[in-house]
$ cat final.json   # JSON, C-alpha atoms and all ligand atoms
[["chain", "number", "residue", "atom", "x", "y", "z"],
["A", 166, "MET", "CA", -71.76, 31.15, -27.98],
["A", 167, "PRO", "CA", -70.47, 33.82, -25.52],
["A", 168, "PHE", "CA", -69.82, 31.29, -22.72],
["A", 169, "LYS", "CA", -68.42, 28.43, -24.78],
["A", 170, "GLY", "CA", -65.92, 26.43, -22.71],
["A", 171, "LYS", "CA", -66.76, 28.36, -19.52],
["A", 172, "ARG", "CA", -67.38, 26.53, -16.25],
["A", 173, "ALA", "CA", -69.99, 28.00, -13.89],
["A", 174, "LEU", "CA", -71.38, 27.34, -10.44],
["A", 175, "VAL", "CA", -74.84, 28.72, -9.60],
["A", 176, "LEU", "CA", -76.10, 29.04, -6.00],
["A", 177, "GLY", "CA", -79.72, 29.86, -5.25],
["A", 178, "VAL", "CA", -82.02, 28.09, -7.69],
["A", 179, "ALA", "CA", -85.29, 27.09, -5.98],
["A", 180, "ASN", "CA", -87.59, 26.72, -9.00],
["A", 181, "LYS", "CA", -88.06, 27.85, -12.60],
["A", 182, "ARG", "CA", -89.00, 31.36, -11.48],
["A", 183, "SER", "CA", -85.74, 31.89, -9.56],
["A", 184, "ILE", "CA", -83.44, 34.71, -10.65],
["A", 185, "ALA", "CA", -80.58, 32.19, -10.33],
["A", 186, "TRP", "CA", -82.32, 29.97, -12.88],
["A", 187, "ALA", "CA", -82.76, 32.83, -15.37],
["A", 188, "ILE", "CA", -79.01, 33.49, -15.07],
["A", 189, "ALA", "CA", -78.10, 29.79, -15.32],
["A", 190, "LYS", "CA", -80.24, 29.41, -18.45],
["A", 191, "ARG", "CA", -78.42, 32.33, -20.10],
["A", 192, "LEU", "CA", -75.06, 30.79, -19.26],
["A", 193, "ALA", "CA", -76.08, 27.32, -20.50],
["A", 194, "ASP", "CA", -77.67, 28.71, -23.69],
["A", 195, "GLY", "CA", -74.40, 30.59, -24.25],
["A", 196, "GLY", "CA", -72.42, 27.35, -24.12],
["A", 197, "ALA", "CA", -71.31, 27.19, -20.47],
["A", 198, "GLU", "CA", -71.20, 24.05, -18.35],
["A", 199, "VAL", "CA", -73.26, 24.87, -15.25],
["A", 200, "ALA", "CA", -73.10, 23.19, -11.83],
["A", 201, "PHE", "CA", -75.80, 23.86, -9.23],
["A", 202, "THR", "CA", -76.28, 23.83, -5.49],
["A", 203, "PHE", "CA", -79.63, 23.63, -3.71],
["A", 204, "GLN", "CA", -80.74, 24.09, -0.12],
["A", 205, "GLY", "CA", -83.08, 21.58, 1.49],
["A", 206, "GLU", "CA", -84.87, 18.40, 0.40],
["A", 207, "ARG", "CA", -88.04, 20.32, -0.45],
["A", 208, "ILE", "CA", -86.52, 21.88, -3.56],
["A", 209, "GLU", "CA", -84.02, 19.16, -4.48],
["A", 210, "LYS", "CA", -86.17, 17.61, -7.22],
["A", 211, "ASN", "CA", -86.96, 21.03, -8.77],
["A", 212, "VAL", "CA", -83.28, 21.83, -9.04],
["A", 213, "ARG", "CA", -82.28, 18.35, -10.28],
["A", 214, "ASP", "CA", -84.91, 18.52, -13.05],
["A", 215, "LEU", "CA", -83.90, 22.04, -14.12],
["A", 216, "ALA", "CA", -80.20, 21.12, -14.02],
["A", 217, "ALA", "CA", -80.82, 18.00, -16.12],
["A", 218, "SER", "CA", -82.54, 20.16, -18.76],
["A", 219, "VAL", "CA", -79.21, 21.96, -19.33],
["A", 220, "SER", "CA", -77.10, 18.76, -19.00],
["A", 221, "SER", "CA", -75.48, 19.92, -15.76],
["A", 222, "PRO", "CA", -72.48, 17.86, -14.62],
["A", 223, "LEU", "CA", -73.13, 18.50, -10.89],
["A", 224, "VAL", "CA", -76.04, 19.15, -8.54],
["A", 225, "THR", "CA", -75.17, 19.14, -4.85],
["A", 226, "GLU", "CA", -76.61, 20.35, -1.55],
["A", 227, "LEU", "CA", -75.17, 23.44, 0.11],
["A", 228, "ASP", "CA", -76.09, 25.18, 3.34],
["A", 229, "VAL", "CA", -73.97, 28.33, 3.05],
["A", 230, "ARG", "CA", -73.73, 28.61, 6.86],
["A", 231, "ASP", "CA", -71.65, 25.42, 6.95],
["A", 232, "ASP", "CA", -67.92, 25.95, 6.22],
["A", 233, "ALA", "CA", -67.28, 22.20, 5.84],
["A", 234, "ALA", "CA", -70.11, 21.98, 3.29],
["A", 235, "ILE", "CA", -68.60, 24.87, 1.30],
["A", 236, "GLU", "CA", -65.24, 23.09, 1.29],
["A", 237, "ARG", "CA", -66.88, 19.84, 0.09],
["A", 238, "VAL", "CA", -68.88, 21.59, -2.67],
["A", 239, "PHE", "CA", -65.85, 23.38, -4.12],
["A", 240, "ALA", "CA", -63.89, 20.12, -4.03],
["A", 241, "GLU", "CA", -66.71, 18.52, -6.05],
["A", 242, "VAL", "CA", -66.71, 21.47, -8.45],
["A", 243, "GLY", "CA", -62.94, 21.10, -8.87],
["A", 244, "GLN", "CA", -63.45, 17.42, -9.67],
["A", 245, "VAL", "CA", -66.06, 17.91, -12.41],
["A", 246, "PHE", "CA", -64.37, 20.98, -13.95],
["A", 247, "GLY", "CA", -60.75, 19.77, -13.95],
["A", 248, "GLY", "CA", -59.67, 22.10, -11.15],
["A", 249, "LYS", "CA", -61.01, 25.25, -12.85],
["A", 250, "LEU", "CA", -63.97, 27.60, -12.44],
["A", 251, "ASP", "CA", -64.76, 30.73, -14.50],
["A", 252, "ILE", "CA", -68.09, 31.91, -13.11],
["A", 253, "LEU", "CA", -69.81, 32.02, -9.70],
["A", 254, "VAL", "CA", -73.42, 33.17, -9.35],
["A", 255, "HIS", "CA", -74.51, 33.97, -5.78],
["A", 256, "SER", "CA", -78.29, 34.41, -5.57],
["A", 257, "VAL", "CA", -78.88, 33.52, -1.93],
["A", 258, "ALA", "CA", -80.66, 35.40, 0.85],
["A", 259, "TYR", "CA", -82.68, 34.59, 3.93],
["A", 260, "ALA", "CA", -84.23, 36.44, 6.82],
["A", 261, "ALA", "CA", -86.88, 35.05, 9.16],
["A", 262, "ALA", "CA", -90.33, 35.79, 7.72],
["A", 263, "GLU", "CA", -91.40, 37.54, 10.92],
["A", 264, "ASP", "CA", -88.46, 39.98, 10.55],
["A", 265, "LEU", "CA", -89.76, 41.10, 7.14],
["A", 266, "GLU", "CA", -93.07, 42.20, 8.64],
["A", 267, "GLY", "CA", -92.86, 44.09, 11.92],
["A", 268, "ARG", "CA", -90.48, 46.83, 13.04],
["A", 269, "PHE", "CA", -86.72, 46.61, 12.31],
["A", 270, "THR", "CA", -86.19, 47.86, 15.85],
["A", 271, "ASP", "CA", -87.52, 44.56, 17.19],
["A", 272, "THR", "CA", -85.06, 42.30, 15.30],
["A", 273, "PRO", "CA", -83.49, 39.95, 17.86],
["A", 274, "ARG", "CA", -79.73, 39.47, 17.97],
["A", 275, "ASP", "CA", -79.68, 35.86, 16.76],
["A", 276, "ARG", "CA", -81.85, 36.53, 13.70],
["A", 277, "PHE", "CA", -79.92, 39.73, 12.84],
["A", 278, "TRP", "CA", -76.69, 37.72, 12.59],
["A", 279, "MET", "CA", -78.44, 34.81, 10.84],
["A", 280, "ALA", "CA", -79.67, 37.10, 8.04],
["A", 281, "ILE", "CA", -76.17, 38.54, 7.57],
["A", 282, "ASP", "CA", -74.57, 35.09, 7.73],
["A", 283, "VAL", "CA", -76.79, 33.56, 5.03],
["A", 284, "SER", "CA", -77.21, 36.65, 2.84],
["A", 285, "ALA", "CA", -73.81, 38.38, 3.01],
["A", 286, "TYR", "CA", -71.05, 36.30, 4.61],
["A", 287, "SER", "CA", -71.95, 33.49, 2.21],
["A", 288, "LEU", "CA", -70.55, 35.61, -0.64],
["A", 289, "VAL", "CA", -67.25, 36.07, 1.18],
["A", 290, "ALA", "CA", -66.97, 32.37, 2.05],
["A", 291, "THR", "CA", -67.85, 31.11, -1.44],
["A", 292, "ALA", "CA", -65.64, 33.71, -3.18],
["A", 293, "ARG", "CA", -62.73, 32.55, -1.01],
["A", 294, "ALA", "CA", -63.41, 28.91, -1.89],
["A", 295, "ALA", "CA", -63.75, 29.78, -5.60],
["A", 296, "GLN", "CA", -60.48, 31.73, -5.65],
["A", 297, "PRO", "CA", -57.99, 28.89, -6.31],
["A", 298, "LEU", "CA", -60.21, 27.38, -9.02],
["A", 299, "MET", "CA", -60.65, 30.76, -10.72],
["A", 300, "ALA", "CA", -56.95, 31.55, -10.44],
["A", 301, "ALA", "CA", -56.25, 28.20, -12.15],
["A", 302, "ALA", "CA", -58.57, 29.31, -14.99],
["A", 303, "GLY", "CA", -56.63, 32.58, -15.37],
["A", 304, "GLY", "CA", -59.39, 34.63, -13.74],
["A", 305, "GLY", "CA", -63.11, 34.61, -13.15],
["A", 306, "SER", "CA", -66.28, 36.56, -12.63],
["A", 307, "ILE", "CA", -68.58, 36.57, -9.60],
["A", 308, "VAL", "CA", -72.06, 38.10, -9.55],
["A", 309, "THR", "CA", -74.38, 38.50, -6.57],
["A", 310, "MET", "CA", -77.90, 39.88, -6.25],
["A", 311, "THR", "CA", -78.62, 42.99, -4.20],
["A", 312, "TYR", "CA", -81.53, 45.37, -3.62],
["A", 313, "LEU", "CA", -82.06, 49.11, -3.07],
["A", 314, "GLY", "CA", -83.25, 48.30, 0.46],
["A", 315, "GLY", "CA", -79.56, 48.01, 1.42],
["A", 316, "GLU", "CA", -79.01, 51.69, 0.59],
["A", 317, "ARG", "CA", -82.35, 53.27, 1.58],
["A", 318, "ALA", "CA", -85.00, 52.32, 4.10],
["A", 319, "VAL", "CA", -87.64, 50.30, 2.26],
["A", 320, "PRO", "CA", -90.55, 49.63, 4.65],
["A", 321, "HIS", "CA", -90.52, 46.01, 5.90],
["A", 322, "TYR", "CA", -87.24, 45.07, 4.17],
["A", 323, "ASN", "CA", -85.70, 45.63, 7.59],
["A", 324, "VAL", "CA", -82.84, 43.27, 8.53],
["A", 325, "MET", "CA", -82.52, 42.18, 4.88],
["A", 326, "GLY", "CA", -81.55, 45.80, 4.15],
["A", 327, "VAL", "CA", -78.77, 45.61, 6.72],
["A", 328, "ALA", "CA", -77.65, 42.31, 5.18],
["A", 329, "LYS", "CA", -77.64, 43.84, 1.66],
["A", 330, "ALA", "CA", -75.59, 46.82, 2.91],
["A", 331, "THR", "CA", -73.07, 44.29, 4.22],
["A", 332, "LEU", "CA", -73.20, 42.43, 0.92],
["A", 333, "ASP", "CA", -72.73, 45.63, -1.13],
["A", 334, "SER", "CA", -69.65, 46.59, 0.84],
["A", 335, "SER", "CA", -68.31, 43.03, 0.64],
["A", 336, "VAL", "CA", -68.54, 43.23, -3.18],
["A", 337, "LYS", "CA", -66.13, 46.18, -3.14],
["A", 338, "TYR", "CA", -63.62, 44.63, -0.73],
["A", 339, "LEU", "CA", -63.70, 41.31, -2.58],
["A", 340, "ALA", "CA", -63.22, 43.15, -5.89],
["A", 341, "TRP", "CA", -60.06, 44.72, -4.45],
["A", 342, "ASP", "CA", -58.67, 41.50, -2.99],
["A", 343, "LEU", "CA", -59.44, 39.25, -5.96],
["A", 344, "GLY", "CA", -58.54, 41.74, -8.69],
["A", 345, "GLU", "CA", -54.91, 40.69, -8.55],
["A", 346, "GLN", "CA", -56.01, 37.24, -9.73],
["A", 347, "ASN", "CA", -58.15, 38.71, -12.52],
["A", 348, "ILE", "CA", -61.32, 37.78, -10.63],
["A", 349, "ARG", "CA", -64.12, 40.35, -10.97],
["A", 350, "VAL", "CA", -66.89, 40.80, -8.39],
["A", 351, "ASN", "CA", -70.10, 42.70, -9.16],
["A", 352, "ALA", "CA", -73.74, 42.96, -8.09],
["A", 353, "VAL", "CA", -77.04, 43.31, -9.90],
["A", 354, "SER", "CA", -79.60, 45.42, -8.03],
["A", 355, "ALA", "CA", -82.98, 44.25, -9.26],
["A", 356, "GLY", "CA", -86.36, 45.86, -8.74],
["A", 357, "PRO", "CA", -88.98, 43.61, -7.12],
["A", 358, "VAL", "CA", -89.18, 40.33, -9.11],
["A", 359, "ARG", "CA", -91.98, 37.78, -8.57],
["A", 360, "THR", "CA", -90.09, 34.72, -7.31],
["A", 361, "LEU", "CA", -90.69, 32.12, -4.60],
["A", 362, "ALA", "CA", -88.91, 34.41, -2.12],
["A", 363, "ALA", "CA", -91.19, 37.31, -3.11],
["A", 364, "ARG", "CA", -94.49, 35.46, -3.22],
["A", 365, "SER", "CA", -94.65, 34.97, 0.53],
["A", 366, "ILE", "CA", -94.14, 38.70, 1.16],
["A", 367, "ALA", "CA", -97.31, 40.60, 1.99],
["A", 368, "GLY", "CA", -97.75, 43.67, -0.21],
["A", 369, "PHE", "CA", -95.52, 42.44, -3.03],
["A", 370, "PRO", "CA", -98.05, 43.35, -5.76],
["A", 371, "THR", "CA", -98.14, 46.86, -4.24],
["A", 372, "MET", "CA", -94.36, 47.14, -4.61],
["A", 373, "GLU", "CA", -94.58, 46.16, -8.27],
["A", 374, "SER", "CA", -97.30, 48.80, -8.78],
["A", 375, "ILE", "CA", -95.11, 51.47, -7.15],
["A", 376, "VAL", "CA", -92.25, 50.65, -9.56],
["A", 377, "GLU", "CA", -94.68, 50.76, -12.49],
["A", 378, "GLU", "CA", -96.00, 54.12, -11.35],
["A", 379, "ARG", "CA", -92.81, 55.94, -10.33],
["A", 380, "SER", "CA", -89.92, 54.48, -12.34],
["A", 381, "PRO", "CA", -88.80, 56.26, -15.53],
["A", 382, "LEU", "CA", -89.71, 53.20, -17.63],
["A", 383, "HIS", "CA", -93.04, 52.55, -15.85],
["A", 384, "ARG", "CA", -92.72, 48.79, -15.93],
["A", 385, "HIS", "CA", -91.85, 46.02, -13.51],
["A", 386, "VAL", "CA", -88.80, 43.79, -13.83],
["A", 387, "ASP", "CA", -88.71, 40.07, -14.51],
["A", 388, "ALA", "CA", -86.07, 37.41, -13.92],
["A", 389, "GLU", "CA", -85.05, 37.35, -17.62],
["A", 390, "ASP", "CA", -84.14, 41.07, -17.45],
["A", 391, "VAL", "CA", -81.92, 40.27, -14.48],
["A", 392, "GLY", "CA", -80.45, 37.27, -16.32],
["A", 393, "ALA", "CA", -79.41, 39.49, -19.22],
["A", 394, "ALA", "CA", -77.66, 41.99, -16.93],
["A", 395, "ALA", "CA", -75.90, 39.24, -14.99],
["A", 396, "ALA", "CA", -74.79, 37.65, -18.28],
["A", 397, "TYR", "CA", -73.19, 40.96, -19.26],
["A", 398, "LEU", "CA", -71.27, 41.20, -15.98],
["A", 399, "LEU", "CA", -70.24, 37.53, -16.19],
["A", 400, "GLY", "CA", -69.06, 37.79, -19.80],
["A", 401, "ASP", "CA", -65.86, 39.04, -21.41],
["A", 402, "GLY", "CA", -67.65, 42.25, -22.48],
["A", 403, "ALA", "CA", -67.34, 43.37, -18.85],
["A", 404, "LYS", "CA", -63.66, 42.43, -18.54],
["A", 405, "ASN", "CA", -62.76, 45.81, -16.99],
["A", 406, "VAL", "CA", -65.86, 46.06, -14.78],
["A", 407, "THR", "CA", -65.49, 45.13, -11.11],
["A", 408, "GLY", "CA", -66.72, 46.32, -7.72],
["A", 409, "THR", "CA", -69.87, 47.81, -9.18],
["A", 410, "THR", "CA", -73.65, 47.52, -9.02],
["A", 411, "LEU", "CA", -75.79, 47.36, -12.15],
["A", 412, "TYR", "CA", -79.39, 48.45, -11.52],
["A", 413, "VAL", "CA", -82.13, 46.55, -13.31],
["A", 414, "ASP", "CA", -85.08, 48.41, -11.84],
["A", 415, "SER", "CA", -86.58, 50.43, -14.71],
["A", 416, "GLY", "CA", -84.59, 53.40, -13.34],
["A", 417, "TYR", "CA", -86.44, 53.48, -10.01],
["A", 418, "HIS", "CA", -83.23, 54.10, -8.01],
["A", 419, "ALA", "CA", -82.58, 57.35, -9.89],
["A", 420, "MET", "CA", -85.75, 58.99, -8.61],
["A", 421, "GLY", "CA", -86.16, 61.21, -5.56],
["A", 422, "MET", "CA", -89.94, 61.14, -5.61],
["A", 501, "LIG", "O1", -84.22, 40.24, -1.07],
["A", 501, "LIG", "C1", -85.41, 40.11, -1.23],
["A", 501, "LIG", "C2", -86.17, 39.04, -0.46],
["A", 501, "LIG", "C3", -85.30, 37.96, 0.10],
["A", 501, "LIG", "C4", -86.00, 37.13, 1.17],
["A", 501, "LIG", "C5", -87.30, 36.69, 1.04],
["A", 501, "LIG", "C6", -87.86, 35.92, 2.04],
["A", 501, "LIG", "C7", -89.29, 35.45, 2.01],
["A", 501, "LIG", "C8", -89.48, 34.17, 2.77],
["A", 501, "LIG", "C9", -85.29, 36.81, 2.29],
["A", 501, "LIG", "N1", -85.82, 36.06, 3.28],
["A", 501, "LIG", "C10", -87.08, 35.60, 3.17],
["A", 501, "LIG", "N2", -87.57, 34.83, 4.18],
["A", 501, "LIG", "C11", -88.74, 34.16, 4.08],
["A", 501, "LIG", "O2", -89.19, 33.52, 5.03],
["A", 501, "LIG", "N3", -86.06, 40.97, -2.09],
["A", 501, "LIG", "C12", -85.33, 42.02, -2.74],
["A", 501, "LIG", "C13", -87.52, 40.88, -2.36],
["A", 501, "LIG", "C14", -88.21, 41.72, -1.35],
["A", 501, "LIG", "O3", -88.47, 41.24, -0.11],
["A", 501, "LIG", "C15", -89.07, 42.26, 0.61],
["A", 501, "LIG", "C16", -89.18, 43.39, -0.20],
["A", 501, "LIG", "C17", -88.63, 43.06, -1.46],
["A", 501, "LIG", "C18", -88.50, 43.94, -2.64],
["A", 501, "LIG", "C19", -89.52, 42.27, 1.92],
["A", 501, "LIG", "C20", -90.11, 43.41, 2.42],
["A", 501, "LIG", "C21", -90.21, 44.55, 1.65],
["A", 501, "LIG", "C22", -89.74, 44.55, 0.33]]
$ encode --input "final.json" --output "C-alpha cells"
Amino acid sequence: MPFKGKRALVLGVANKRSIAWAIAKRLADGGAEVAFTFQGERIEKNVRDLAASVSSPLVTELDVRDDAAIERVFAEVGQVFGGKLDILVHSVAYAAAEDLEGRFTDTPRDRFWMAIDVSAYSLVATARAAQPLMAAAGGGSIVTMTYLGGERAVPHYNVMGVAKATLDSSVKYLAWDLGEQNIRVNAVSAGPVRTLAARSIAGFPTMESIVEERSPLHRHVDAEDVGAAAAYLLGDGAKNVTGTTLYVDSGYHAMGM
C-alpha cells in the first residue's frame, strides 16, 4: 500500500479513459483517499460514478479560470482531509478546437490567452492554493501532464504547444518556490493517448502510427502507462525528484528522425 494514509486531489477526470482517472485509480488502489474535481454538467455523472467506485470523500465542480472557485475547492479539500493534502494531480488542458486545426499564425489574441489560462496558469493557481495544506502535511507532490509539442513544433498542436511551454517552465519555477516546504513539482510527458480530448482531433490515429513506426519501442502509449509513471513521481520513491519531466512516449522524444 504505497499511498496508505495519503490524501490526494485529482483535477481533470472526464471519463474512464482519462489519464487523470488512470492516475487516480493507481493512487486509490495504493491506499490513498482521493478527492476529485470536474468541469461542466455534461461529465458530472461520469466523475461521480468513478469517484464512488473508489469511495471518494469529495467530488466538486471546478472551472480553473475562476479564482473564487479555486479558493472554495481547496477549502472543501481542507475540510474533508483535516487541513492536509499530500498529492495534487493536474491533468487539465483546453484550446479551442478550431485552433488545433488551422495555422498557429492565425490564433486570435483572446483564444491564445484562454489556452494558456486553462492549460498553464491553472497549475500555478492550484499549486498556490495547495501550498498551505501540503505544508501542514509536512510536504507534498504535484504532477502535471505535458507533451512534446511544447518543446518542438508538432503540426496542428499550435497554441497548445505554447501553453505546454508555459506549463513546462512553470513546473521548474514552482519546484524552486515550493521546495522549501518539501513540495515537489514534476511533469509527465506522454505520447499520444486515446482519450476524450484526443478522439475529437483529426489525424489522431496517424499520430499513434507515427509513434509506433519511429519510436525505439515501436508501440503506442496508454493511460495506464502514464498512471504508473505519475505514481512513481507522486510516491516516496521520488522523494528527491523535482522540477523534472518524465517521458512516457516509447522513447519517441529521443529520436532525431
Ligand atoms: O494536449 C493534448 C490535447 C489537449 C486538448 C484537446 C482538445 C480537443 C477538444 C486541448 N484542447 C482541446 N480542445 C477541444 O476542443 N494532447 C497532447 C493530445 C494531442 O492533441 C493534439 C495533438 C496531440 C498529441 C492536437 C493536434 C496535434 C497533436
$ residues_around --input "final.json" --residues "Asp251 (chain A)" --least-positions-apart "6" --cutoff "12 Å" --atoms "all atoms listed in the file" --output "PyMOL selection string"
chain A and resi 168-175+192+197-200+242-243+292+295-308+346-350+399-401
$ residues_near_ligand --input "final.json" --ligand "ligand LIG 501 (chain A)" --cutoff "6 Å" --atoms "all atoms listed in the file" --output "VMD selection string"
chain A and resid 258 to 262 265 312 320 to 322 357 362 to 363 365 to 366
$ residues_near_point --input "final.json" --point "(-70.6, 18.2, -11.4)" --cutoff "7 Å" --atoms "only C-alpha atoms" --output "list in words"
Ala200, Ser221, Pro222, Leu223, Val224, Glu241, Val242 and Val245 of chain A
$ atom_distance --input "final.json" --atom1 "CA of Arg274 (chain A)" --atom2 "CA of Gly205 (chain A)"
24.6 Å
$ closest_residue --input "final.json" --among "A:Ser284, A:Ser354, A:Thr407, A:Ser380" --to "Tyr338 (chain A)" --atoms "only C-alpha atoms"
A:Thr407
$ residues_near_point --input "final.json" --point "(-88.4, 40.4, -17.0)" --cutoff "12 Å" --atoms "all atoms listed in the file" --output "CSV table (one decimal) with C-alpha atoms, in the frame of the given file"
chain,number,residue,atom,x,y,z
A,182,ARG,CA,-89.0,31.4,-11.5
A,183,SER,CA,-85.7,31.9,-9.6
A,184,ILE,CA,-83.4,34.7,-10.6
A,187,ALA,CA,-82.8,32.8,-15.4
A,188,ILE,CA,-79.0,33.5,-15.1
A,355,ALA,CA,-83.0,44.2,-9.3
A,356,GLY,CA,-86.4,45.9,-8.7
A,357,PRO,CA,-89.0,43.6,-7.1
A,358,VAL,CA,-89.2,40.3,-9.1
A,359,ARG,CA,-92.0,37.8,-8.6
A,360,THR,CA,-90.1,34.7,-7.3
A,384,ARG,CA,-92.7,48.8,-15.9
A,385,HIS,CA,-91.8,46.0,-13.5
A,386,VAL,CA,-88.8,43.8,-13.8
A,387,ASP,CA,-88.7,40.1,-14.5
A,388,ALA,CA,-86.1,37.4,-13.9
A,389,GLU,CA,-85.0,37.4,-17.6
A,390,ASP,CA,-84.1,41.1,-17.4
A,391,VAL,CA,-81.9,40.3,-14.5
A,392,GLY,CA,-80.4,37.3,-16.3
A,393,ALA,CA,-79.4,39.5,-19.2
A,394,ALA,CA,-77.7,42.0,-16.9
A,413,VAL,CA,-82.1,46.6,-13.3
A,414,ASP,CA,-85.1,48.4,-11.8
A,415,SER,CA,-86.6,50.4,-14.7
$ closest_residue --input "final.json" --among "A:Ile252, A:Ala367, A:Ala318, A:Ile281" --to "Asp333 (chain A)" --atoms "all atoms listed in the file"
A:Ile281
$ closest_residue --input "final.json" --among "A:Ile208, A:Gly195, A:Glu316, A:Asn351" --to "Gly177 (chain A)" --atoms "all atoms listed in the file"
A:Ile208
$ decode --input "final.json" --residues "region 277-289 of chain A" --atoms "N, CA, C and O atoms" --output "PDB file, in the first residue's frame"
ATOM      1  N   PHE A 277      -5.603  32.662 -27.583  1.00  0.00           N
ATOM      2  CA  PHE A 277      -4.208  32.411 -27.173  1.00  0.00           C
ATOM      3  C   PHE A 277      -4.119  32.459 -25.646  1.00  0.00           C
ATOM      4  O   PHE A 277      -3.634  31.535 -24.991  1.00  0.00           O
ATOM      5  N   TRP A 278      -4.660  33.528 -25.073  1.00  0.00           N
ATOM      6  CA  TRP A 278      -4.588  33.687 -23.604  1.00  0.00           C
ATOM      7  C   TRP A 278      -5.481  32.681 -22.884  1.00  0.00           C
ATOM      8  O   TRP A 278      -5.138  32.206 -21.796  1.00  0.00           O
ATOM      9  N   MET A 279      -6.622  32.349 -23.509  1.00  0.00           N
ATOM     10  CA  MET A 279      -7.531  31.363 -22.901  1.00  0.00           C
ATOM     11  C   MET A 279      -6.830  30.006 -22.771  1.00  0.00           C
ATOM     12  O   MET A 279      -6.898  29.358 -21.726  1.00  0.00           O
ATOM     13  N   ALA A 280      -6.129  29.587 -23.819  1.00  0.00           N
ATOM     14  CA  ALA A 280      -5.438  28.285 -23.785  1.00  0.00           C
ATOM     15  C   ALA A 280      -4.381  28.274 -22.677  1.00  0.00           C
ATOM     16  O   ALA A 280      -4.236  27.281 -21.952  1.00  0.00           O
ATOM     17  N   ILE A 281      -3.658  29.376 -22.543  1.00  0.00           N
ATOM     18  CA  ILE A 281      -2.610  29.461 -21.510  1.00  0.00           C
ATOM     19  C   ILE A 281      -3.223  29.530 -20.113  1.00  0.00           C
ATOM     20  O   ILE A 281      -2.721  28.922 -19.162  1.00  0.00           O
ATOM     21  N   ASP A 282      -4.345  30.237 -20.006  1.00  0.00           N
ATOM     22  CA  ASP A 282      -5.035  30.377 -18.721  1.00  0.00           C
ATOM     23  C   ASP A 282      -5.476  29.000 -18.209  1.00  0.00           C
ATOM     24  O   ASP A 282      -5.127  28.582 -17.090  1.00  0.00           O
ATOM     25  N   VAL A 283      -6.210  28.277 -19.052  1.00  0.00           N
ATOM     26  CA  VAL A 283      -6.753  26.969 -18.644  1.00  0.00           C
ATOM     27  C   VAL A 283      -5.652  25.923 -18.498  1.00  0.00           C
ATOM     28  O   VAL A 283      -5.681  25.114 -17.567  1.00  0.00           O
ATOM     29  N   SER A 284      -4.678  25.928 -19.405  1.00  0.00           N
ATOM     30  CA  SER A 284      -3.748  24.805 -19.508  1.00  0.00           C
ATOM     31  C   SER A 284      -2.454  25.004 -18.717  1.00  0.00           C
ATOM     32  O   SER A 284      -1.762  24.024 -18.441  1.00  0.00           O
ATOM     33  N   ALA A 285      -2.113  26.245 -18.385  1.00  0.00           N
ATOM     34  CA  ALA A 285      -0.833  26.505 -17.705  1.00  0.00           C
ATOM     35  C   ALA A 285      -1.012  27.301 -16.407  1.00  0.00           C
ATOM     36  O   ALA A 285      -0.560  26.863 -15.350  1.00  0.00           O
ATOM     37  N   TYR A 286      -1.707  28.443 -16.477  1.00  0.00           N
ATOM     38  CA  TYR A 286      -1.853  29.218 -15.235  1.00  0.00           C
ATOM     39  C   TYR A 286      -2.589  28.416 -14.168  1.00  0.00           C
ATOM     40  O   TYR A 286      -2.342  28.594 -12.966  1.00  0.00           O
ATOM     41  N   SER A 287      -3.466  27.525 -14.602  1.00  0.00           N
ATOM     42  CA  SER A 287      -4.225  26.693 -13.650  1.00  0.00           C
ATOM     43  C   SER A 287      -3.302  25.893 -12.739  1.00  0.00           C
ATOM     44  O   SER A 287      -3.650  25.628 -11.583  1.00  0.00           O
ATOM     45  N   LEU A 288      -2.130  25.504 -13.243  1.00  0.00           N
ATOM     46  CA  LEU A 288      -1.180  24.785 -12.366  1.00  0.00           C
ATOM     47  C   LEU A 288      -0.640  25.724 -11.296  1.00  0.00           C
ATOM     48  O   LEU A 288      -0.542  25.353 -10.121  1.00  0.00           O
ATOM     49  N   VAL A 289      -0.311  26.934 -11.691  1.00  0.00           N
ATOM     50  CA  VAL A 289       0.232  27.912 -10.737  1.00  0.00           C
ATOM     51  C   VAL A 289      -0.814  28.213  -9.659  1.00  0.00           C
ATOM     52  O   VAL A 289      -0.517  28.196  -8.453  1.00  0.00           O
TER      53      VAL A 289
END
